[in-house]
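What follows is target.pdb (PDB, C-alpha atoms).
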```
ATOM      1  CA  MET Y 284       3.934  15.473  13.026  1.00  0.00           C
ATOM      2  CA  ALA Y 285       3.459  12.308  15.097  1.00  0.00           C
ATOM      3  CA  GLU Y 286       1.767  12.682  18.463  1.00  0.00           C
ATOM      4  CA  GLN Y 287       2.069  10.648  21.675  1.00  0.00           C
ATOM      5  CA  ILE Y 288      -1.406   9.431  22.463  1.00  0.00           C
ATOM      6  CA  GLY Y 289      -2.460   9.167  26.068  1.00  0.00           C
ATOM      7  CA  ARG Y 290      -0.957  12.598  26.736  1.00  0.00           C
ATOM      8  CA  ILE Y 291      -3.502  14.598  24.782  1.00  0.00           C
ATOM      9  CA  LYS Y 292      -4.972  17.178  27.142  1.00  0.00           C
ATOM     10  CA  LYS Y 293      -8.445  18.551  26.556  1.00  0.00           C
ATOM     11  CA  PRO Y 294      -7.430  21.770  24.733  1.00  0.00           C
ATOM     12  CA  SER Y 295      -5.136  19.809  22.413  1.00  0.00           C
ATOM     13  CA  ALA Y 296      -7.814  17.229  21.744  1.00  0.00           C
ATOM     14  CA  GLU Y 297     -10.193  19.947  20.617  1.00  0.00           C
ATOM     15  CA  ARG Y 298      -7.573  21.245  18.204  1.00  0.00           C
ATOM     16  CA  PHE Y 299      -6.999  17.808  16.665  1.00  0.00           C
ATOM     17  CA  LYS Y 300     -10.683  17.381  15.849  1.00  0.00           C
ATOM     18  CA  GLN Y 301     -10.092  19.651  12.866  1.00  0.00           C
ATOM     19  CA  GLY Y 302      -8.243  18.275   9.855  1.00  0.00           C
ATOM     20  CA  LYS Y 303      -7.198  14.794   8.759  1.00  0.00           C
ATOM     21  CA  LYS Y 304      -6.037  12.290  11.386  1.00  0.00           C
ATOM     22  CA  LEU Y 305      -4.249   8.985  10.887  1.00  0.00           C
ATOM     23  CA  TYR Y 306      -3.816   6.422  13.669  1.00  0.00           C
ATOM     24  CA  LEU Y 307      -0.852   4.075  13.095  1.00  0.00           C
ATOM     25  CA  ILE Y 308      -0.724   0.572  14.576  1.00  0.00           C
ATOM     26  CA  PRO Y 309       2.278  -1.756  14.103  1.00  0.00           C
ATOM     27  CA  PRO Y 310       0.916  -5.305  13.685  1.00  0.00           C
ATOM     28  CA  MET Y 311       2.199  -7.902  16.159  1.00  0.00           C
ATOM     29  CA  TYR Y 312       1.932 -11.607  15.417  1.00  0.00           C
ATOM     30  CA  ALA Y 313       2.174 -14.819  17.433  1.00  0.00           C
ATOM     31  CA  ASN Y 314       1.935 -18.009  15.400  1.00  0.00           C
ATOM     32  CA  LYS Y 315       0.481 -21.217  16.815  1.00  0.00           C
ATOM     33  CA  ASN Y 316       3.950 -22.553  17.673  1.00  0.00           C
ATOM     34  CA  ALA Y 317       4.990 -19.455  19.618  1.00  0.00           C
ATOM     35  CA  PRO Y 318       5.793 -19.861  23.357  1.00  0.00           C
ATOM     36  CA  PRO Y 319       2.753 -19.287  25.622  1.00  0.00           C
ATOM     37  CA  GLU Y 320       4.516 -16.369  27.308  1.00  0.00           C
ATOM     38  CA  PHE Y 321       4.902 -14.583  23.975  1.00  0.00           C
ATOM     39  CA  LYS Y 322       1.302 -15.302  22.991  1.00  0.00           C
ATOM     40  CA  GLU Y 323       0.161 -13.679  26.233  1.00  0.00           C
ATOM     41  CA  LYS Y 324       2.207 -10.566  25.528  1.00  0.00           C
ATOM     42  CA  VAL Y 325       0.791 -10.259  22.014  1.00  0.00           C
ATOM     43  CA  ALA Y 326      -2.767 -10.741  23.317  1.00  0.00           C
ATOM     44  CA  CYS Y 327      -2.139  -8.027  25.913  1.00  0.00           C
ATOM     45  CA  TYR Y 328      -0.760  -5.756  23.181  1.00  0.00           C
ATOM     46  CA  TRP Y 329      -3.892  -6.010  21.054  1.00  0.00           C
ATOM     47  CA  GLN Y 330      -6.117  -5.447  24.075  1.00  0.00           C
ATOM     48  CA  GLN Y 331      -4.220  -2.255  24.891  1.00  0.00           C
ATOM     49  CA  VAL Y 332      -4.385  -1.155  21.257  1.00  0.00           C
ATOM     50  CA  ALA Y 333      -8.171  -1.556  21.240  1.00  0.00           C
ATOM     51  CA  GLU Y 334      -8.468   0.414  24.482  1.00  0.00           C
ATOM     52  CA  GLN Y 335      -6.294   3.242  23.217  1.00  0.00           C
ATOM     53  CA  LEU Y 336      -8.249   3.412  19.976  1.00  0.00           C
ATOM     54  CA  VAL Y 337     -11.509   3.809  21.887  1.00  0.00           C
ATOM     55  CA  ASN Y 338      -9.960   6.650  23.876  1.00  0.00           C
ATOM     56  CA  LEU Y 339      -8.491   8.289  20.792  1.00  0.00           C
ATOM     57  CA  GLU Y 340     -11.733   8.107  18.805  1.00  0.00           C
ATOM     58  CA  ALA Y 341     -13.678   9.625  21.691  1.00  0.00           C
ATOM     59  CA  LYS Y 342     -11.235  12.541  21.956  1.00  0.00           C
ATOM     60  CA  ILE Y 343     -10.413  13.514  18.396  1.00  0.00           C
ATOM     61  CA  GLY Y 344     -12.251  11.522  15.763  1.00  0.00           C
ATOM     62  CA  LYS Y 345     -14.064   8.329  14.824  1.00  0.00           C
ATOM     63  CA  ILE Y 346     -12.295   6.010  12.374  1.00  0.00           C
ATOM     64  CA  GLU Y 347     -13.859   6.234   8.906  1.00  0.00           C
ATOM     65  CA  HIS Y 348     -11.174   4.552   6.780  1.00  0.00           C
ATOM     66  CA  VAL Y 349      -8.950   1.519   7.456  1.00  0.00           C
ATOM     67  CA  TYR Y 350      -5.734   0.685   5.591  1.00  0.00           C
ATOM     68  CA  HIS Y 351      -3.339  -2.270   5.863  1.00  0.00           C
ATOM     69  CA  GLU Y 352       0.112  -2.539   4.310  1.00  0.00           C
ATOM     70  CA  SER Y 353       0.576  -5.305   1.680  1.00  0.00           C
ATOM     71  CA  ILE Y 354      -3.159  -5.437   0.870  1.00  0.00           C
ATOM     72  CA  SER Y 355      -4.152  -4.227  -2.601  1.00  0.00           C
ATOM     73  CA  GLN Y 356      -7.850  -5.141  -2.540  1.00  0.00           C
ATOM     74  CA  PRO Y 357     -10.620  -2.970  -1.050  1.00  0.00           C
ATOM     75  CA  SER Y 358     -13.734  -3.784   0.967  1.00  0.00           C
ATOM     76  CA  GLU Y 359     -14.590  -7.401   1.830  1.00  0.00           C
ATOM     77  CA  ASN Y 360     -11.974  -8.934  -0.472  1.00  0.00           C
ATOM     78  CA  GLY Y 361      -9.234  -6.982   1.252  1.00  0.00           C
ATOM     79  CA  MET Y 362     -10.591  -7.829   4.677  1.00  0.00           C
ATOM     80  CA  LYS Y 363     -10.530 -11.535   3.838  1.00  0.00           C
ATOM     81  CA  VAL Y 364      -6.816 -11.192   3.148  1.00  0.00           C
ATOM     82  CA  MET Y 365      -6.349  -9.286   6.393  1.00  0.00           C
ATOM     83  CA  GLU Y 366      -8.185 -11.974   8.364  1.00  0.00           C
ATOM     84  CA  LYS Y 367      -5.551 -14.478   7.216  1.00  0.00           C
ATOM     85  CA  ILE Y 368      -2.418 -12.410   7.758  1.00  0.00           C
ATOM     86  CA  ASN Y 369      -3.461 -10.332  10.784  1.00  0.00           C
ATOM     87  CA  PRO Y 370      -6.428 -11.906  12.617  1.00  0.00           C
ATOM     88  CA  ASP Y 371      -6.076  -9.678  15.695  1.00  0.00           C
ATOM     89  CA  GLY Y 372      -6.050  -6.524  13.602  1.00  0.00           C
ATOM     90  CA  TYR Y 373      -8.907  -7.932  11.554  1.00  0.00           C
ATOM     91  CA  ARG Y 374     -11.132  -8.143  14.618  1.00  0.00           C
ATOM     92  CA  ILE Y 375     -10.573  -4.455  15.296  1.00  0.00           C
ATOM     93  CA  THR Y 376     -11.157  -3.630  11.634  1.00  0.00           C
ATOM     94  CA  ARG Y 377     -14.340  -5.686  11.434  1.00  0.00           C
ATOM     95  CA  GLY Y 378     -15.718  -3.767  14.381  1.00  0.00           C
ATOM     96  CA  LYS Y 379     -14.888  -0.417  12.773  1.00  0.00           C
ATOM     97  CA  CYS Y 380     -16.342  -1.439   9.407  1.00  0.00           C
ATOM     98  CA  ASP Y 381     -19.503  -2.643  11.125  1.00  0.00           C
ATOM     99  CA  GLU Y 382     -19.724   0.955  12.370  1.00  0.00           C
ATOM    100  CA  ASP Y 383     -19.548   2.216   8.759  1.00  0.00           C
ATOM    101  CA  ALA Y 384     -15.792   2.603   8.324  1.00  0.00           C
ATOM    102  CA  VAL Y 385     -14.494   1.696   4.848  1.00  0.00           C
ATOM    103  CA  PHE Y 386     -11.620  -0.725   4.216  1.00  0.00           C
ATOM    104  CA  GLU Y 387      -9.426   0.880   1.548  1.00  0.00           C
ATOM    105  CA  ALA Y 388      -6.849  -0.694  -0.768  1.00  0.00           C
ATOM    106  CA  ILE Y 389      -3.550   1.011  -0.014  1.00  0.00           C
ATOM    107  CA  GLU Y 390      -1.120  -0.963  -2.176  1.00  0.00           C
ATOM    108  CA  ASN Y 391      -0.502  -1.223  -5.900  1.00  0.00           C
ATOM    109  CA  LYS Y 392       0.121  -4.952  -6.384  1.00  0.00           C
ATOM    110  CA  GLU Y 393       2.774  -4.501  -9.067  1.00  0.00           C
ATOM    111  CA  LEU Y 394       4.736  -1.982  -6.999  1.00  0.00           C
ATOM    112  CA  PHE Y 395       4.450  -4.149  -3.889  1.00  0.00           C
ATOM    113  CA  ASP Y 396       5.570  -7.299  -5.727  1.00  0.00           C
ATOM    114  CA  GLU Y 397       8.507  -5.457  -7.285  1.00  0.00           C
ATOM    115  CA  ALA Y 398       9.742  -4.223  -3.913  1.00  0.00           C
ATOM    116  CA  VAL Y 399       9.380  -7.709  -2.402  1.00  0.00           C
ATOM    117  CA  ASP Y 400      11.310  -9.320  -5.271  1.00  0.00           C
ATOM    118  CA  TRP Y 401      14.210  -6.877  -5.011  1.00  0.00           C
ATOM    119  CA  GLU Y 402      14.316  -7.438  -1.250  1.00  0.00           C
ATOM    120  CA  ARG Y 403      14.530 -11.192  -1.838  1.00  0.00           C
ATOM    121  CA  CYS Y 404      17.436 -10.615  -4.212  1.00  0.00           C
ATOM    122  CA  ILE Y 405      19.284  -8.614  -1.551  1.00  0.00           C
ATOM    123  CA  LEU Y 406      18.777 -11.385   0.998  1.00  0.00           C
ATOM    124  CA  LEU Y 407      20.351 -13.907  -1.397  1.00  0.00           C
ATOM    125  CA  GLY Y 408      23.635 -12.006  -1.394  1.00  0.00           C
ATOM    126  CA  PHE Y 409      26.099 -11.546  -4.268  1.00  0.00           C
ATOM    127  CA  VAL Y 410      29.824 -11.993  -4.902  1.00  0.00           C
ATOM    128  CA  SER Y 411      30.135  -8.787  -6.930  1.00  0.00           C
ATOM    129  CA  GLN Y 412      30.014  -5.505  -5.013  1.00  0.00           C
ATOM    130  CA  GLU Y 413      28.824  -3.738  -8.164  1.00  0.00           C
ATOM    131  CA  VAL Y 414      25.854  -6.096  -8.519  1.00  0.00           C
ATOM    132  CA  THR Y 415      25.075  -5.699  -4.819  1.00  0.00           C
ATOM    133  CA  SER Y 416      25.068  -1.910  -5.219  1.00  0.00           C
ATOM    134  CA  LYS Y 417      22.845  -2.026  -8.314  1.00  0.00           C
ATOM    135  CA  VAL Y 418      20.301  -4.333  -6.730  1.00  0.00           C
ATOM    136  CA  ALA Y 419      20.205  -2.129  -3.629  1.00  0.00           C
ATOM    137  CA  GLU Y 420      19.493   0.895  -5.826  1.00  0.00           C
ATOM    138  CA  PHE Y 421      16.665  -0.934  -7.588  1.00  0.00           C
ATOM    139  CA  TYR Y 422      15.207  -1.942  -4.230  1.00  0.00           C
ATOM    140  CA  VAL Y 423      15.340   1.593  -2.816  1.00  0.00           C
ATOM    141  CA  GLU Y 424      13.696   2.989  -5.958  1.00  0.00           C
ATOM    142  CA  ALA Y 425      10.958   0.337  -5.907  1.00  0.00           C
ATOM    143  CA  LEU Y 426      10.322   1.005  -2.226  1.00  0.00           C
ATOM    144  CA  LYS Y 427      10.126   4.744  -2.856  1.00  0.00           C
ATOM    145  CA  LYS Y 428       7.524   4.281  -5.603  1.00  0.00           C
ATOM    146  CA  ARG Y 429       5.544   1.920  -3.381  1.00  0.00           C
ATOM    147  CA  TYR Y 430       5.511   4.334  -0.441  1.00  0.00           C
ATOM    148  CA  GLU Y 431       4.569   7.279  -2.646  1.00  0.00           C
ATOM    149  CA  PHE Y 432       1.607   5.335  -3.969  1.00  0.00           C
ATOM    150  CA  MET Y 433       0.469   4.434  -0.432  1.00  0.00           C
ATOM    151  CA  VAL Y 434       0.619   8.041   0.753  1.00  0.00           C
ATOM    152  CA  LYS Y 435      -1.246   9.165  -2.361  1.00  0.00           C
ATOM    153  CA  LYS Y 436      -4.060   6.663  -1.692  1.00  0.00           C
ATOM    154  CA  ILE Y 437      -4.391   7.820   1.905  1.00  0.00           C
ATOM    155  CA  SER Y 438      -4.437  11.475   0.867  1.00  0.00           C
ATOM    156  CA  GLU Y 439      -7.100  10.800  -1.769  1.00  0.00           C
ATOM    157  CA  THR Y 440      -9.438   8.788   0.450  1.00  0.00           C
ATOM    158  CA  LEU Y 441      -9.073  10.687   3.743  1.00  0.00           C
ATOM    159  CA  LYS Y 442     -11.236  13.793   3.473  1.00  0.00           C
ATOM    160  CA  GLY Y 443     -11.907  16.929   5.498  1.00  0.00           C
ATOM    161  CA  ASN Y 444     -11.867  16.209   9.227  1.00  0.00           C
ATOM    162  CA  GLU Y 445     -11.909  12.416   8.887  1.00  0.00           C
ATOM    163  CA  ALA Y 446      -9.768   9.934  10.800  1.00  0.00           C
ATOM    164  CA  GLY Y 447      -8.167   6.814   9.363  1.00  0.00           C
ATOM    165  CA  LEU Y 448      -6.481   3.724  10.801  1.00  0.00           C
ATOM    166  CA  LEU Y 449      -3.307   2.313   9.247  1.00  0.00           C
ATOM    167  CA  PHE Y 450      -1.717  -1.036  10.140  1.00  0.00           C
ATOM    168  CA  ILE Y 451       1.960  -0.780   9.199  1.00  0.00           C
ATOM    169  CA  THR Y 452       5.331  -1.951  10.521  1.00  0.00           C
ATOM    170  CA  GLU Y 453       7.304   0.342  12.821  1.00  0.00           C
ATOM    171  CA  SER Y 454      10.179   0.535  10.315  1.00  0.00           C
ATOM    172  CA  HIS Y 455       8.048   2.089   7.575  1.00  0.00           C
ATOM    173  CA  GLN Y 456       9.390   5.114   5.701  1.00  0.00           C
ATOM    174  CA  LEU Y 457       6.132   6.781   4.699  1.00  0.00           C
ATOM    175  CA  GLN Y 458       6.350  10.577   4.438  1.00  0.00           C
ATOM    176  CA  PHE Y 459       2.929  12.024   5.172  1.00  0.00           C
ATOM    177  CA  PRO Y 460       1.821  15.440   3.892  1.00  0.00           C
ATOM    178  CA  ALA Y 461       1.515  18.306   6.344  1.00  0.00           C
ATOM    179  CA  ASP Y 462      -2.296  18.229   6.306  1.00  0.00           C
ATOM    180  CA  ILE Y 463      -2.391  14.772   7.947  1.00  0.00           C
ATOM    181  CA  GLU Y 464      -1.832  14.597  11.714  1.00  0.00           C
ATOM    182  CA  VAL Y 465      -0.253  11.234  12.578  1.00  0.00           C
ATOM    183  CA  PHE Y 466      -0.754   9.438  15.905  1.00  0.00           C
ATOM    184  CA  ASN Y 467       1.487   6.441  16.629  1.00  0.00           C
ATOM    185  CA  ILE Y 468      -0.211   3.899  18.870  1.00  0.00           C
ATOM    186  CA  PHE Y 469       2.545   2.337  20.978  1.00  0.00           C
ATOM    187  CA  PRO Y 470       0.974   0.754  24.096  1.00  0.00           C
ATOM    188  CA  PRO Y 471       3.184  -0.416  27.027  1.00  0.00           C
ATOM    189  CA  ALA Y 472       2.947  -4.036  25.897  1.00  0.00           C
ATOM    190  CA  LEU Y 473       4.892  -3.167  22.745  1.00  0.00           C
ATOM    191  CA  ASP Y 474       8.022  -2.429  24.784  1.00  0.00           C
ATOM    192  CA  GLU Y 475       7.565  -5.723  26.613  1.00  0.00           C
ATOM    193  CA  ILE Y 476       7.347  -7.582  23.298  1.00  0.00           C
ATOM    194  CA  HIS Y 477      10.522  -5.925  22.011  1.00  0.00           C
ATOM    195  CA  ARG Y 478      12.340  -6.724  25.268  1.00  0.00           C
ATOM    196  CA  TRP Y 479      11.204 -10.344  25.147  1.00  0.00           C
ATOM    197  CA  LEU Y 480      12.392 -10.716  21.541  1.00  0.00           C
ATOM    198  CA  ARG Y 481      15.778  -9.122  22.347  1.00  0.00           C
ATOM    199  CA  ASP Y 482      16.279 -11.392  25.352  1.00  0.00           C
ATOM    200  CA  ARG Y 483      15.326 -14.457  23.337  1.00  0.00           C
ATOM    201  CA  ALA Y 484      17.728 -13.529  20.531  1.00  0.00           C
ATOM    202  CA  ALA Y 485      20.539 -12.939  23.034  1.00  0.00           C
ATOM    203  CA  LYS Y 486      19.946 -16.324  24.673  1.00  0.00           C
ATOM    204  CA  GLN Y 487      19.945 -18.076  21.300  1.00  0.00           C
ATOM    205  CA  GLN Y 488      23.188 -16.361  20.323  1.00  0.00           C
ATOM    206  CA  THR Y 489      24.821 -17.349  23.611  1.00  0.00           C
ATOM    207  CA  ALA Y 490      23.680 -20.946  23.182  1.00  0.00           C
ATOM    208  CA  GLU Y 491      25.081 -21.048  19.631  1.00  0.00           C
ATOM    209  CA  GLU Y 492      28.426 -19.616  20.780  1.00  0.00           C
ATOM    210  CA  GLN Y 493      28.669 -22.147  23.596  1.00  0.00           C
ATOM    211  CA  LYS Y 494      27.876 -24.944  21.167  1.00  0.00           C
ATOM    212  CA  GLY Y 495      30.529 -23.640  18.773  1.00  0.00           C
ATOM    213  CA  ASN Y 496      33.132 -23.572  21.534  1.00  0.00           C
ATOM    214  CA  LYS Y 497      32.391 -27.186  22.409  1.00  0.00           C
ATOM    215  CA  ASP Y 498      32.702 -28.278  18.786  1.00  0.00           C
TER     216      ASP Y 498
END
```
Once you've parsed the file, please lay out its structure as structure tokens.
Amino acid sequence: MAEQIGRIKKPSAERFKQGKKLYLIPPMYANKNAPPEFKEKVACYWQQVAEQLVNLEAKIGKIEHVYHESISQPSENGMKVMEKINPDGYRITRGKCDEDAVFEAIENKELFDEAVDWERCILLGFVSQEVTSKVAEFYVEALKKRYEFMVKKISETLKGNEAGLLFITESHQLQFPADIEVFNIFPPALDEIHRWLRDRAAKQQTAEEQKGNKD
């Protein structure tokens, strides 16, 4: 059951101290060529995430394990990968690991690569509907195996009353066991980022349609 953080009253917080907890953070990225306005929103997002984590840890449990989707290496090797693909999340993770949290490998590389390859095939597109259907089935099956492995790793490494932190996209399809209480960290800045991206996409579409009409 996923909980809305920030609305945890004292009695509830006491209850959540017992059992496994998992804090979910969707990574947000702004590359060096991104508009300054978007960079500011992403920076604000990560600041709010850090603040909410501090509040959450104080109420129901200190982070003792950190996981990141797409990373199949543990400890320092895994964190080096994270520093490259998610520098903002890395800074949070480095702080937690400096406080004795452990960075865990959550992915099986072969399963991850298989799912990525089938997804690439889907994006290519096919003439035959039968081929399209087959490839989609292979992709769904690969994704299922990948997600099952990830959940298994979390279940095996998260013990007793421990809390873990997972960086994973909002569209994930992980099915967590009943003994893990899940807390989705969605700070206000996340809505602003989504709104900005929608507005930008709408403007680009309008511009393309206007250009097409002129041609």
Selected by the PyMOL selection byres ((chain Y and resi 337-342) around 8) in the shown coordinates: which residues, as a JSON list (two decimals) with C-alpha atoms, keeping the file's coordinate frame?
```json
[["chain", "number", "residue", "atom", "x", "y", "z"],
["Y", 288, "ILE", "CA", -1.41, 9.43, 22.46],
["Y", 296, "ALA", "CA", -7.81, 17.23, 21.74],
["Y", 297, "GLU", "CA", -10.19, 19.95, 20.62],
["Y", 300, "LYS", "CA", -10.68, 17.38, 15.85],
["Y", 333, "ALA", "CA", -8.17, -1.56, 21.24],
["Y", 334, "GLU", "CA", -8.47, 0.41, 24.48],
["Y", 335, "GLN", "CA", -6.29, 3.24, 23.22],
["Y", 336, "LEU", "CA", -8.25, 3.41, 19.98],
["Y", 343, "ILE", "CA", -10.41, 13.51, 18.40],
["Y", 344, "GLY", "CA", -12.25, 11.52, 15.76],
["Y", 345, "LYS", "CA", -14.06, 8.33, 14.82],
["Y", 346, "ILE", "CA", -12.30, 6.01, 12.37]]
```
Need to verify the contact set: range 479-486 of chain Y, 12 Å, only C-alpha atoms, exclusion of same-chain residues closer than 3 positions in sequence. Can you return it as a list in words?
Met311, Ala313, Ala317, Pro318, Glu320, Phe321, Lys322, Glu323, Lys324, Val325, Ala472, Leu473, Asp474, Glu475, Ile476, Thr489, Ala490, Glu491, Glu492 and Gln493 of chain Y
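Among the candidates Y:Tyr328, Y:Glu393, Y:Pro309, Y:Gly302, the residue lying nearest to Asn467 in chain Y is Y:Pro309 (atoms considered: only C-alpha atoms).
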Just the number, please: distance in Å from CA of Gln356 in chain Y to CA of Ile308 in chain Y, one decimal.
19.4 Å
Expand the PyMOL selection byres ((chain Y and resi 434) around 12) into the individual residues it matches in the shown file, reporting them as a PyMOL selection string.
chain Y and resi 305+350+352+388-391+427-433+435-441+449+455-463
For the residues selected in the previous step, produce a file with C-alpha atoms as a tab-separated table (two decimals), keeping the file's coordinate frame.
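Written file, part_10.tsv:
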```tsv
chain	number	residue	atom	x	y	z
Y	305	LEU	CA	-4.25	8.98	10.89
Y	350	TYR	CA	-5.73	0.68	5.59
Y	352	GLU	CA	0.11	-2.54	4.31
Y	388	ALA	CA	-6.85	-0.69	-0.77
Y	389	ILE	CA	-3.55	1.01	-0.01
Y	390	GLU	CA	-1.12	-0.96	-2.18
Y	391	ASN	CA	-0.50	-1.22	-5.90
Y	427	LYS	CA	10.13	4.74	-2.86
Y	428	LYS	CA	7.52	4.28	-5.60
Y	429	ARG	CA	5.54	1.92	-3.38
Y	430	TYR	CA	5.51	4.33	-0.44
Y	431	GLU	CA	4.57	7.28	-2.65
Y	432	PHE	CA	1.61	5.34	-3.97
Y	433	MET	CA	0.47	4.43	-0.43
Y	435	LYS	CA	-1.25	9.16	-2.36
Y	436	LYS	CA	-4.06	6.66	-1.69
Y	437	ILE	CA	-4.39	7.82	1.90
Y	438	SER	CA	-4.44	11.48	0.87
Y	439	GLU	CA	-7.10	10.80	-1.77
Y	440	THR	CA	-9.44	8.79	0.45
Y	441	LEU	CA	-9.07	10.69	3.74
Y	449	LEU	CA	-3.31	2.31	9.25
Y	455	HIS	CA	8.05	2.09	7.58
Y	456	GLN	CA	9.39	5.11	5.70
Y	457	LEU	CA	6.13	6.78	4.70
Y	458	GLN	CA	6.35	10.58	4.44
Y	459	PHE	CA	2.93	12.02	5.17
Y	460	PRO	CA	1.82	15.44	3.89
Y	461	ALA	CA	1.52	18.31	6.34
Y	462	ASP	CA	-2.30	18.23	6.31
Y	463	ILE	CA	-2.39	14.77	7.95
```
Just write range 293-347 of chain Y with C-alpha atoms, as an mmCIF file, in the first residue's frame, taken from the block above.
```
data_model
loop_
_atom_site.group_PDB
_atom_site.id
_atom_site.type_symbol
_atom_site.label_atom_id
_atom_site.label_comp_id
_atom_site.auth_asym_id
_atom_site.auth_seq_id
_atom_site.Cartn_x
_atom_site.Cartn_y
_atom_site.Cartn_z
ATOM 1 C CA LYS Y 293 1.925 11.022 14.852
ATOM 2 C CA PRO Y 294 -0.079 7.844 15.630
ATOM 3 C CA SER Y 295 0.340 6.626 12.049
ATOM 4 C CA ALA Y 296 4.040 7.389 12.091
ATOM 5 C CA GLU Y 297 4.482 5.222 15.161
ATOM 6 C CA ARG Y 298 2.727 2.361 13.400
ATOM 7 C CA PHE Y 299 4.970 2.610 10.330
ATOM 8 C CA LYS Y 300 8.128 2.270 12.413
ATOM 9 C CA GLN Y 301 7.423 -1.456 12.529
ATOM 10 C CA GLY Y 302 8.053 -3.538 9.424
ATOM 11 C CA LYS Y 303 9.829 -2.901 6.130
ATOM 12 C CA LYS Y 304 9.569 0.541 4.515
ATOM 13 C CA LEU Y 305 10.495 1.585 0.991
ATOM 14 C CA TYR Y 306 10.727 5.226 -0.098
ATOM 15 C CA LEU Y 307 10.270 5.693 -3.866
ATOM 16 C CA ILE Y 308 11.764 8.651 -5.738
ATOM 17 C CA PRO Y 309 11.230 9.196 -9.489
ATOM 18 C CA PRO Y 310 14.498 10.577 -10.918
ATOM 19 C CA MET Y 311 14.263 13.922 -12.725
ATOM 20 C CA TYR Y 312 16.971 15.040 -15.126
ATOM 21 C CA ALA Y 313 18.013 18.324 -16.729
ATOM 22 C CA ASN Y 314 20.861 18.061 -19.217
ATOM 23 C CA LYS Y 315 23.316 20.896 -19.803
ATOM 24 C CA ASN Y 316 21.365 22.119 -22.844
ATOM 25 C CA ALA Y 317 18.040 22.310 -21.008
ATOM 26 C CA PRO Y 318 16.354 25.751 -20.691
ATOM 27 C CA PRO Y 319 17.323 27.615 -17.483
ATOM 28 C CA GLU Y 320 13.692 27.629 -16.352
ATOM 29 C CA PHE Y 321 13.553 23.834 -16.505
ATOM 30 C CA LYS Y 322 16.890 23.481 -14.720
ATOM 31 C CA GLU Y 323 15.526 25.615 -11.886
ATOM 32 C CA LYS Y 324 12.450 23.421 -11.563
ATOM 33 C CA VAL Y 325 14.548 20.254 -11.442
ATOM 34 C CA ALA Y 326 16.876 21.797 -8.836
ATOM 35 C CA CYS Y 327 13.837 22.762 -6.754
ATOM 36 C CA TYR Y 328 12.483 19.218 -7.116
ATOM 37 C CA TRP Y 329 15.626 17.618 -5.715
ATOM 38 C CA GLN Y 330 15.751 20.111 -2.859
ATOM 39 C CA GLN Y 331 12.177 19.226 -1.914
ATOM 40 C CA VAL Y 332 12.954 15.517 -2.207
ATOM 41 C CA ALA Y 333 15.876 15.872 0.207
ATOM 42 C CA GLU Y 334 13.705 17.802 2.665
ATOM 43 C CA GLN Y 335 10.917 15.246 2.546
ATOM 44 C CA LEU Y 336 13.378 12.408 3.044
ATOM 45 C CA VAL Y 337 14.740 14.055 6.186
ATOM 46 C CA ASN Y 338 11.195 14.382 7.512
ATOM 47 C CA LEU Y 339 10.291 10.824 6.576
ATOM 48 C CA GLU Y 340 13.416 9.317 8.143
ATOM 49 C CA ALA Y 341 12.813 11.227 11.369
ATOM 50 C CA LYS Y 342 9.223 9.962 11.584
ATOM 51 C CA ILE Y 343 9.353 6.331 10.534
ATOM 52 C CA GLY Y 344 12.822 5.048 9.757
ATOM 53 C CA LYS Y 345 16.382 5.823 8.714
ATOM 54 C CA ILE Y 346 17.435 4.685 5.235
ATOM 55 C CA GLU Y 347 19.672 1.604 5.423
#
```
